[in-house]
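Report on the structure given below.
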Amino acid sequence: MSTRRTRDIAPGGGRDATSFTEKWVPNAGLVFGIAASILIAGGGLLFSRPELVLIAAPILVSVVWTLQRRPRGEAPVTVETTIAARSAEGLPYGVSFRVPAETEAVAVRLYERGRTRHELVVDPATAVALRGQIGIVHSGPQEIIRVDYALIGPQGGFVTSPTRGPRSSRVIAPRTLPLRRLPLPLRMFGLTGGHDSARPGDGGEFRDVSQFAPGDRLRRIDWKVTARRAQAPGDLYVRRSFSTADATALIMMDSRDEVAELVTNRDASSRERDVPTSLDVARDAATSIASAYIKSGDRVGFRDLAAGERTIAPGGGMAQLHRLLPTIAQTRPLGASKRRLRAPIIPAGAIVYVLSTFLDDEAARMAELWQVAGHRVVAVDTLLPTPTDGLRREQLAALRMILLERRGRILDLGSVGVDVIQWHSPDGLSPESQLSVRARMAASGRARRPR
Amino acid sequence: MSTAGSPPTETPAVNTGFRPIVGRTIRVSVIRLVMAAVMVALCFTIIGWQPLVVAALFLSVATLVFPKTPAAWALAALLAVFALGAFGAAPEWKFFVVLAGAQALHLFGMTLSWLPVGGPIQLRVVGRLLRPYLIIQVPAQLVSFVVLTVLSGRSVVATLTSPIFGLVAAIGFVLLVVFVIVPTLRGEE
C-alpha cells in the first residue's frame, strides 16, 4: 500500500513530481529459505549426515545476511516526469526515481500513450535518469506516459508492492501548415485591413476620378485632370481610391466523432496500429486556417459544433490567435450531441469553414444552410483513408455503402455552391494548393462582377 | 495497400526510441532460460535417469511457472538427499555441485518472485544479485571440503574424479577475483 502526493513543479511546463511512501514487504522466499535450511540441516542432524548440514548452511547464511540488511521504516519515493517540447522525431521524455539507499533495483513499467507497455529492471543509479522518445501520432489532450514501479530490496529479500505511478498528460499542439493564399468572403466589412473593399475610401487601389465634393481631402485633387477637364473656374477633380477591409473567417469544427479507420473489426494487429484520426486532421486544418487568416490581418472565430462552450467570437491579432490555438488543440469528442434545430448564427459577410467527416447529415445540412443564407462556405473533408486490404466481402460492401452516402452528401454540397476540399486529397493535392485555386477562382469572379 | 475514401498520405511514426537506453542489459527471458537450464542440468547430474527425476523436473517447471510456491526449495532438498554418498565415505563431486546448486535455487526462488514477465534487466542488477552468492558460496565450498576431509578421514580429492569440477572451480575462482576481490580492493583505495 502506498500513499501519494503530487505536485506540478513547473506550472505550465513539462515536469510533474509525485511523492509516494512505500512499505517494504518481506519476500516469501525468505520464509521458504529458512524452512528449507532447517529441514535439510535437521535431517542431517537426525541421520548423522553432516553433508546435509553443510548444504543447508549457505542458504541459511544467505537468509540471515538478507535479514541483517533489511530496510527499516518506510520507503519514500519521488517519481519525476519531464516532457520536453515536441520535436520532429517525437516527444522527448525523462523519468527520474529518487529511492531509499537500501534499494537494489527498481522494476519499472512504462506505458506509452496508454497503449504500449515496456518493462525493465534497473539499478537505482540508472533509475535517476531514464530518457526516451515518444512517437506522437495524435494531437490534442492525451496521456503521454504512465510509470508503474516496484522497489527491490537487498538480494530481492524485501520488495514493495507494485505501485500505480503517476500519469503525465499533455495537450499536443496540432501541426500548422503554411497557407499562403486563402479564399475571401463574398463581402468584406470594416474600414481597415489587408484586402481591397468595394467601397470608396483610403488605403486601397485607384477607383476613379470624380468631381470634388465636400468632404474630399485637398491632397486628393488631381491638378492635371482638373486642368484638362475643368469647364468652369472652381471645378476641381479628385482621385478616389477603394478603402481596405478585413475578412471574417469562422471555423466550425465537427468534433462529434473521431474516426481513424471506418472498419474497426479487423485482425488484432491492425487494431493495435495507431493511426491519425479525423479529429487530428481537423485540428491541423483549423490551426493552419486560423493562423493563416490572423497573420494576414483578418478576423477569425471558432466554434465547436458539438460543444457550445468551445466558442470564440471573431477577432483579430496575435492575442486572438493565442486564444484560438489552445482551444482548437483541446477539442475532443464529448459524446453524442443533439440534433440542432437551427444552424449557429454567422456574422454577416463571413467565410465559413466546416471541418467534418460528413459521415452524417448534420454538418452538411448546416453548411448548406449557411451557403443558402449568402455566406461563402468551404467544406473541409477530414476523413482519412481506410485500408481495404484484408476486409471480408460483407465488410467491404458495408464500407462502400457508407462511403457512397458520404460521397452523395459532398456532391450535394458542391451543387449548392459550397467549395469542398479534402485535407488529404486522393490526387495528392495539398490543402494549400486546393485553397489557393479556390481563392484565385473567387478573385477572378469578383473582378468580372461590376462594382 | 489499397484504400477507400482518401488515399494514404503519410505513415505515422510510432514507438520510435520509446524504451530508455539503460546501458548493458540482458533479456529476462534469457535469465529464465539460464535458470531452467541450470535446474534441468542439476536434476540429471545429481539424480540421473531414475524415476524420481520426473518429480525433480516437475519442481523445476513449478519454480518457473509458479514462482510464489516453495518449489525451488523443495527441489534443493530433493537434490541434497540424492547428493549423499555411502555412509562414512568421502563425498563425491556431486556433493559440491549440490552445495552450489542449493544456494542457487534459493536465489532463483527469491528472484523469480519479483522478476517481470518480460523486458530487459540491467546487467548491473544481475551483478548485484550474484555478488552475495559468490561471497557466501566460495567459503562454503572451502569449509565443506576441509570439514568433510577431517570427518571422513580420507582425502576428498581422491573421489573428485570428474574434470568438470576442476573447470567449475577455476571459473568460480576467476569470478570471485573479478567480481568480489578486485572491486572490494578498489573500494578500499
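Letters for chains follow the order of the C-alpha cells (A, B, ...), residue numbers begin at 1 for each chain, and ligand numbers begin at 1 in the order shown.
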Identify, on the basis of only C-alpha atoms, every residue whose closest approach to B:Cys43 does not exceed 9 Å; exclude the query and any residue fewer than 2 positions from it along the same chain; express the result as a VMD selection string.
chain B and resid 38 to 41 45 to 48 53 to 54 56 to 57 60 75 79
Which of stretch 112-253 of chain A fall in alpha helix (DSSP H), as an NGL selection string
:A and (124-127 or 223-229)
If we count only C-alpha atoms and set the cut-off at 10 Å, which residues sit around A:Val416, ignoring sequence neighbours fewer than 2 positions away in its own chain? Please answer as JSON, numbers by chain.
{"A": [367, 368, 369, 371, 372, 411, 412, 413, 414, 418, 419]}
With only C-alpha atoms as the counted atoms, please give the residues lying no more than 9 Å from A:Glu74, apart from itself and same-chain residues fewer than 3 positions off, as a list in words.
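Those residues are Thr21, Glu22, Lys23, Trp24 and Pro71 of chain A.
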Convert the current residue selection to file output with all heavy atoms, as a PDB file, in the first residue's frame.
```pdb
ATOM      1  N   THR A  21       4.947   7.043  -0.487  1.00  0.00           N
ATOM      2  CA  THR A  21       5.541   6.405   0.685  1.00  0.00           C
ATOM      3  C   THR A  21       5.200   4.916   0.610  1.00  0.00           C
ATOM      4  O   THR A  21       4.036   4.531   0.723  1.00  0.00           O
ATOM      5  CB  THR A  21       4.979   7.029   1.973  1.00  0.00           C
ATOM      6  OG1 THR A  21       5.169   8.443   1.879  1.00  0.00           O
ATOM      7  CG2 THR A  21       5.713   6.517   3.192  1.00  0.00           C
ATOM      8  N   GLU A  22       6.240   4.128   0.391  1.00  0.00           N
ATOM      9  CA  GLU A  22       6.036   2.691   0.197  1.00  0.00           C
ATOM     10  C   GLU A  22       6.370   1.931   1.476  1.00  0.00           C
ATOM     11  O   GLU A  22       7.049   2.444   2.357  1.00  0.00           O
ATOM     12  CB  GLU A  22       6.949   2.182  -0.935  1.00  0.00           C
ATOM     13  CG  GLU A  22       6.775   2.904  -2.251  1.00  0.00           C
ATOM     14  CD  GLU A  22       5.461   2.583  -2.927  1.00  0.00           C
ATOM     15  OE1 GLU A  22       4.767   1.670  -2.474  1.00  0.00           O
ATOM     16  OE2 GLU A  22       5.128   3.267  -3.908  1.00  0.00           O
ATOM     17  N   LYS A  23       5.887   0.707   1.528  1.00  0.00           N
ATOM     18  CA  LYS A  23       6.201  -0.176   2.659  1.00  0.00           C
ATOM     19  C   LYS A  23       6.982  -1.377   2.146  1.00  0.00           C
ATOM     20  O   LYS A  23       6.581  -1.986   1.156  1.00  0.00           O
ATOM     21  CB  LYS A  23       4.908  -0.653   3.333  1.00  0.00           C
ATOM     22  CG  LYS A  23       4.393   0.306   4.378  1.00  0.00           C
ATOM     23  CD  LYS A  23       3.256  -0.323   5.149  1.00  0.00           C
ATOM     24  CE  LYS A  23       2.805   0.614   6.266  1.00  0.00           C
ATOM     25  NZ  LYS A  23       1.619   0.105   6.939  1.00  0.00           N
ATOM     26  N   TRP A  24       8.071  -1.696   2.829  1.00  0.00           N
ATOM     27  CA  TRP A  24       8.850  -2.871   2.442  1.00  0.00           C
ATOM     28  C   TRP A  24       8.118  -4.120   2.924  1.00  0.00           C
ATOM     29  O   TRP A  24       7.687  -4.193   4.082  1.00  0.00           O
ATOM     30  CB  TRP A  24      10.236  -2.828   3.075  1.00  0.00           C
ATOM     31  CG  TRP A  24      11.132  -1.775   2.502  1.00  0.00           C
ATOM     32  CD1 TRP A  24      11.508  -0.605   3.096  1.00  0.00           C
ATOM     33  CD2 TRP A  24      11.780  -1.794   1.232  1.00  0.00           C
ATOM     34  NE1 TRP A  24      12.343   0.113   2.274  1.00  0.00           N
ATOM     35  CE2 TRP A  24      12.531  -0.607   1.118  1.00  0.00           C
ATOM     36  CE3 TRP A  24      11.798  -2.699   0.167  1.00  0.00           C
ATOM     37  CZ2 TRP A  24      13.282  -0.302  -0.004  1.00  0.00           C
ATOM     38  CZ3 TRP A  24      12.560  -2.395  -0.948  1.00  0.00           C
ATOM     39  CH2 TRP A  24      13.292  -1.209  -1.029  1.00  0.00           C
ATOM     40  N   PRO A  71      15.680  -3.337   5.065  1.00  0.00           N
ATOM     41  CA  PRO A  71      15.381  -1.907   5.171  1.00  0.00           C
ATOM     42  C   PRO A  71      14.410  -1.647   6.315  1.00  0.00           C
ATOM     43  O   PRO A  71      13.464  -2.407   6.511  1.00  0.00           O
ATOM     44  CB  PRO A  71      14.749  -1.574   3.823  1.00  0.00           C
ATOM     45  CG  PRO A  71      14.394  -2.855   3.209  1.00  0.00           C
ATOM     46  CD  PRO A  71      15.082  -3.964   3.903  1.00  0.00           C
TER      47      PRO A  71
END
```
Between B:Val182, B:Val81, B:Met110, B:Leu142, smallest distance to A:Gly44 by only C-alpha atoms belongs to B:Val81
Would you list the contacts of B:Phe95 as number ranges by chain, taking every protein, DNA or RNA residue within 9 Å and counting only C-alpha atoms, but skipping same-chain residues closer than 6 positions in sequence?
A: 51, 55; B: 46, 80, 82-85
Which of stretch 274-444 of chain A counts as strand (DSSP E or B) under DSSP, as an NGL selection string please?
:A and (299-304 or 311-315 or 351-356 or 376-381 or 386-387 or 419-422)
Write out the residues from the selection above, keeping N, CA and C atoms, as a PDB file, in the first residue's frame.
```pdb
ATOM      1  N   ARG A 299      -9.974  38.603 -39.309  1.00  0.00           N
ATOM      2  CA  ARG A 299     -10.614  38.224 -38.047  1.00  0.00           C
ATOM      3  C   ARG A 299     -11.056  36.770 -38.144  1.00  0.00           C
ATOM      4  N   VAL A 300     -10.805  36.021 -37.088  1.00  0.00           N
ATOM      5  CA  VAL A 300     -11.142  34.593 -37.096  1.00  0.00           C
ATOM      6  C   VAL A 300     -11.921  34.260 -35.833  1.00  0.00           C
ATOM      7  N   GLY A 301     -12.962  33.471 -36.004  1.00  0.00           N
ATOM      8  CA  GLY A 301     -13.716  32.941 -34.870  1.00  0.00           C
ATOM      9  C   GLY A 301     -13.721  31.427 -34.940  1.00  0.00           C
ATOM     10  N   PHE A 302     -14.090  30.804 -33.830  1.00  0.00           N
ATOM     11  CA  PHE A 302     -14.070  29.340 -33.785  1.00  0.00           C
ATOM     12  C   PHE A 302     -15.311  28.847 -33.052  1.00  0.00           C
ATOM     13  N   ARG A 303     -15.852  27.766 -33.561  1.00  0.00           N
ATOM     14  CA  ARG A 303     -16.989  27.157 -32.865  1.00  0.00           C
ATOM     15  C   ARG A 303     -16.931  25.637 -33.027  1.00  0.00           C
ATOM     16  N   ASP A 304     -17.105  24.980 -31.903  1.00  0.00           N
ATOM     17  CA  ASP A 304     -17.174  23.517 -31.923  1.00  0.00           C
ATOM     18  C   ASP A 304     -18.641  23.146 -32.055  1.00  0.00           C
ATOM     19  N   THR A 311     -16.495  28.118 -27.930  1.00  0.00           N
ATOM     20  CA  THR A 311     -16.810  29.106 -28.958  1.00  0.00           C
ATOM     21  C   THR A 311     -15.974  30.353 -28.713  1.00  0.00           C
ATOM     22  N   ILE A 312     -15.344  30.841 -29.733  1.00  0.00           N
ATOM     23  CA  ILE A 312     -14.577  32.083 -29.628  1.00  0.00           C
ATOM     24  C   ILE A 312     -15.116  33.034 -30.693  1.00  0.00           C
ATOM     25  N   ALA A 313     -15.536  34.209 -30.251  1.00  0.00           N
ATOM     26  CA  ALA A 313     -16.088  35.202 -31.182  1.00  0.00           C
ATOM     27  C   ALA A 313     -14.987  35.690 -32.117  1.00  0.00           C
ATOM     28  N   PRO A 314     -15.354  36.097 -33.337  1.00  0.00           N
ATOM     29  CA  PRO A 314     -14.329  36.544 -34.285  1.00  0.00           C
ATOM     30  C   PRO A 314     -13.523  37.715 -33.740  1.00  0.00           C
ATOM     31  N   GLY A 315     -12.271  37.689 -34.006  1.00  0.00           N
ATOM     32  CA  GLY A 315     -11.374  38.751 -33.567  1.00  0.00           C
ATOM     33  C   GLY A 315     -10.080  38.648 -34.342  1.00  0.00           C
ATOM     34  N   ILE A 351     -16.720  34.228 -44.093  1.00  0.00           N
ATOM     35  CA  ILE A 351     -16.497  32.958 -44.802  1.00  0.00           C
ATOM     36  C   ILE A 351     -16.503  31.859 -43.735  1.00  0.00           C
ATOM     37  N   VAL A 352     -17.187  30.779 -44.041  1.00  0.00           N
ATOM     38  CA  VAL A 352     -17.357  29.710 -43.041  1.00  0.00           C
ATOM     39  C   VAL A 352     -16.600  28.470 -43.496  1.00  0.00           C
ATOM     40  N   TYR A 353     -15.753  27.950 -42.625  1.00  0.00           N
ATOM     41  CA  TYR A 353     -15.071  26.682 -42.886  1.00  0.00           C
ATOM     42  C   TYR A 353     -15.749  25.621 -42.041  1.00  0.00           C
ATOM     43  N   VAL A 354     -16.253  24.590 -42.677  1.00  0.00           N
ATOM     44  CA  VAL A 354     -16.887  23.476 -41.945  1.00  0.00           C
ATOM     45  C   VAL A 354     -15.944  22.279 -42.028  1.00  0.00           C
ATOM     46  N   LEU A 355     -15.404  21.896 -40.891  1.00  0.00           N
ATOM     47  CA  LEU A 355     -14.442  20.793 -40.837  1.00  0.00           C
ATOM     48  C   LEU A 355     -15.167  19.554 -40.319  1.00  0.00           C
ATOM     49  N   SER A 356     -15.351  18.581 -41.184  1.00  0.00           N
ATOM     50  CA  SER A 356     -16.142  17.419 -40.777  1.00  0.00           C
ATOM     51  C   SER A 356     -15.773  16.196 -41.617  1.00  0.00           C
ATOM     52  N   ARG A 376     -20.181  32.599 -47.821  1.00  0.00           N
ATOM     53  CA  ARG A 376     -19.309  31.707 -48.594  1.00  0.00           C
ATOM     54  C   ARG A 376     -18.885  30.570 -47.654  1.00  0.00           C
ATOM     55  N   VAL A 377     -19.058  29.353 -48.094  1.00  0.00           N
ATOM     56  CA  VAL A 377     -18.777  28.194 -47.235  1.00  0.00           C
ATOM     57  C   VAL A 377     -17.738  27.301 -47.905  1.00  0.00           C
ATOM     58  N   VAL A 378     -16.742  26.927 -47.123  1.00  0.00           N
ATOM     59  CA  VAL A 378     -15.736  25.965 -47.585  1.00  0.00           C
ATOM     60  C   VAL A 378     -15.847  24.739 -46.689  1.00  0.00           C
ATOM     61  N   ALA A 379     -16.152  23.605 -47.286  1.00  0.00           N
ATOM     62  CA  ALA A 379     -16.245  22.358 -46.518  1.00  0.00           C
ATOM     63  C   ALA A 379     -14.908  21.636 -46.598  1.00  0.00           C
ATOM     64  N   VAL A 380     -14.345  21.357 -45.440  1.00  0.00           N
ATOM     65  CA  VAL A 380     -13.048  20.657 -45.392  1.00  0.00           C
ATOM     66  C   VAL A 380     -13.318  19.224 -44.949  1.00  0.00           C
ATOM     67  N   ASP A 381     -13.042  18.292 -45.848  1.00  0.00           N
ATOM     68  CA  ASP A 381     -13.255  16.868 -45.555  1.00  0.00           C
ATOM     69  C   ASP A 381     -12.057  16.364 -44.750  1.00  0.00           C
ATOM     70  N   THR A 386      -9.213   4.623 -45.443  1.00  0.00           N
ATOM     71  CA  THR A 386      -9.469   3.362 -44.744  1.00  0.00           C
ATOM     72  C   THR A 386      -8.874   2.235 -45.572  1.00  0.00           C
ATOM     73  N   PRO A 387      -7.902   1.522 -45.035  1.00  0.00           N
ATOM     74  CA  PRO A 387      -7.324   0.416 -45.809  1.00  0.00           C
ATOM     75  C   PRO A 387      -8.383  -0.653 -46.063  1.00  0.00           C
ATOM     76  N   ASP A 419     -17.659  25.214 -51.594  1.00  0.00           N
ATOM     77  CA  ASP A 419     -16.340  24.730 -52.028  1.00  0.00           C
ATOM     78  C   ASP A 419     -15.938  23.568 -51.136  1.00  0.00           C
ATOM     79  N   VAL A 420     -15.621  22.442 -51.732  1.00  0.00           N
ATOM     80  CA  VAL A 420     -15.226  21.268 -50.930  1.00  0.00           C
ATOM     81  C   VAL A 420     -13.757  20.984 -51.185  1.00  0.00           C
ATOM     82  N   ILE A 421     -13.005  20.911 -50.113  1.00  0.00           N
ATOM     83  CA  ILE A 421     -11.599  20.490 -50.255  1.00  0.00           C
ATOM     84  C   ILE A 421     -11.341  19.310 -49.322  1.00  0.00           C
ATOM     85  N   GLN A 422     -10.428  18.484 -49.734  1.00  0.00           N
ATOM     86  CA  GLN A 422     -10.041  17.354 -48.889  1.00  0.00           C
ATOM     87  C   GLN A 422      -8.662  17.652 -48.306  1.00  0.00           C
TER      88      GLN A 422
END
```
Please identify all polymer residues within 6 Å of A:Asp298, counting only C-alpha atoms, omitting same-chain residues fewer than 6 positions from it, and present them as a PDB file with C-alpha atoms, in the first residue's frame.
```
ATOM      1  CA  ASP A 246     -10.718  42.830 -43.327  1.00  0.00           C
ATOM      2  CA  ALA A 247     -12.237  39.422 -43.829  1.00  0.00           C
ATOM      3  CA  GLY A 316      -8.010  39.678 -34.962  1.00  0.00           C
TER       4      GLY A 316
END
```
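Between atom CA of A:Gly165 and atom CA of A:Gly29 the interatomic distance comes to 26.0 Å.
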Quote the spacing between atom CA of A:Gln68 and atom CA of A:Val128 in Å to one decimal place.
26.4 Å
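With atom CA of A:Ala85 on one side and atom CA of A:Thr18 on the other, the separation reads 20.8 Å.
Minimum atom-to-atom distance to chain A, evaluated using only C-alpha atoms, belongs to B:Ala102 out of B:Val150, B:Ala102, B:Val180, B:Leu134.
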Using only C-alpha atoms: which of A:Met188, A:Ala306, A:Met253, A:Ala150 has the shortest distance to A:Thr357
A:Met253
Who sits within 8 Å of A:Ala107, only C-alpha atoms, same chain under 2 positions skipped, as a VMD selection string
(chain A and resid 105 109 119 to 122 149 to 152) or (chain B and resid 116)
Could you take the residues named above and write them with N, CA and C atoms, as a tab-separated table (two decimals), in the first residue's frame?
```
chain	number	residue	atom	x	y	z
A	105	ALA	N	17.34	-2.53	-6.75
A	105	ALA	CA	16.89	-2.39	-8.13
A	105	ALA	C	15.49	-1.79	-8.16
A	109	ARG	N	7.69	-0.12	-15.10
A	109	ARG	CA	6.78	-0.44	-16.20
A	109	ARG	C	6.31	0.89	-16.79
A	119	GLU	N	8.64	-3.02	-19.93
A	119	GLU	CA	9.13	-3.31	-18.58
A	119	GLU	C	10.64	-3.37	-18.60
A	120	LEU	N	11.24	-2.92	-17.53
A	120	LEU	CA	12.68	-3.03	-17.40
A	120	LEU	C	13.06	-2.98	-15.93
A	121	VAL	N	14.20	-3.58	-15.62
A	121	VAL	CA	14.71	-3.56	-14.25
A	121	VAL	C	16.07	-2.87	-14.28
A	122	VAL	N	16.20	-1.83	-13.49
A	122	VAL	CA	17.44	-1.05	-13.50
A	122	VAL	C	17.91	-0.83	-12.06
A	149	TYR	N	5.82	1.08	-10.87
A	149	TYR	CA	7.13	0.62	-10.42
A	149	TYR	C	7.01	-0.24	-9.17
A	150	ALA	N	8.08	-0.95	-8.86
A	150	ALA	CA	8.23	-1.67	-7.58
A	150	ALA	C	9.71	-1.59	-7.20
A	151	LEU	N	9.98	-1.47	-5.91
A	151	LEU	CA	11.37	-1.42	-5.45
A	151	LEU	C	11.80	-2.82	-5.02
A	152	ILE	N	13.03	-3.15	-5.32
A	152	ILE	CA	13.60	-4.43	-4.92
A	152	ILE	C	14.66	-4.14	-3.86
B	116	PRO	N	10.11	-9.36	-13.58
B	116	PRO	CA	9.00	-9.09	-14.51
B	116	PRO	C	8.85	-10.20	-15.54
```
May I ask which of the residues B:Ile136, B:Val34, B:Leu123, B:Ala104 is the closest one to B:Trp73, counting only C-alpha atoms?
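Closest to B:Trp73 of all the choices is B:Ala104.
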Counting only C-alpha atoms, which residue out of A:Ala439, A:Leu359, A:Ala290, A:Leu321 sits closest to chain B?
A:Leu359
If you count only C-alpha atoms, the residue of B:Pro132, B:Gly23, B:Gly109, B:Pro120 closest to B:Leu59 turns out to be B:Gly109
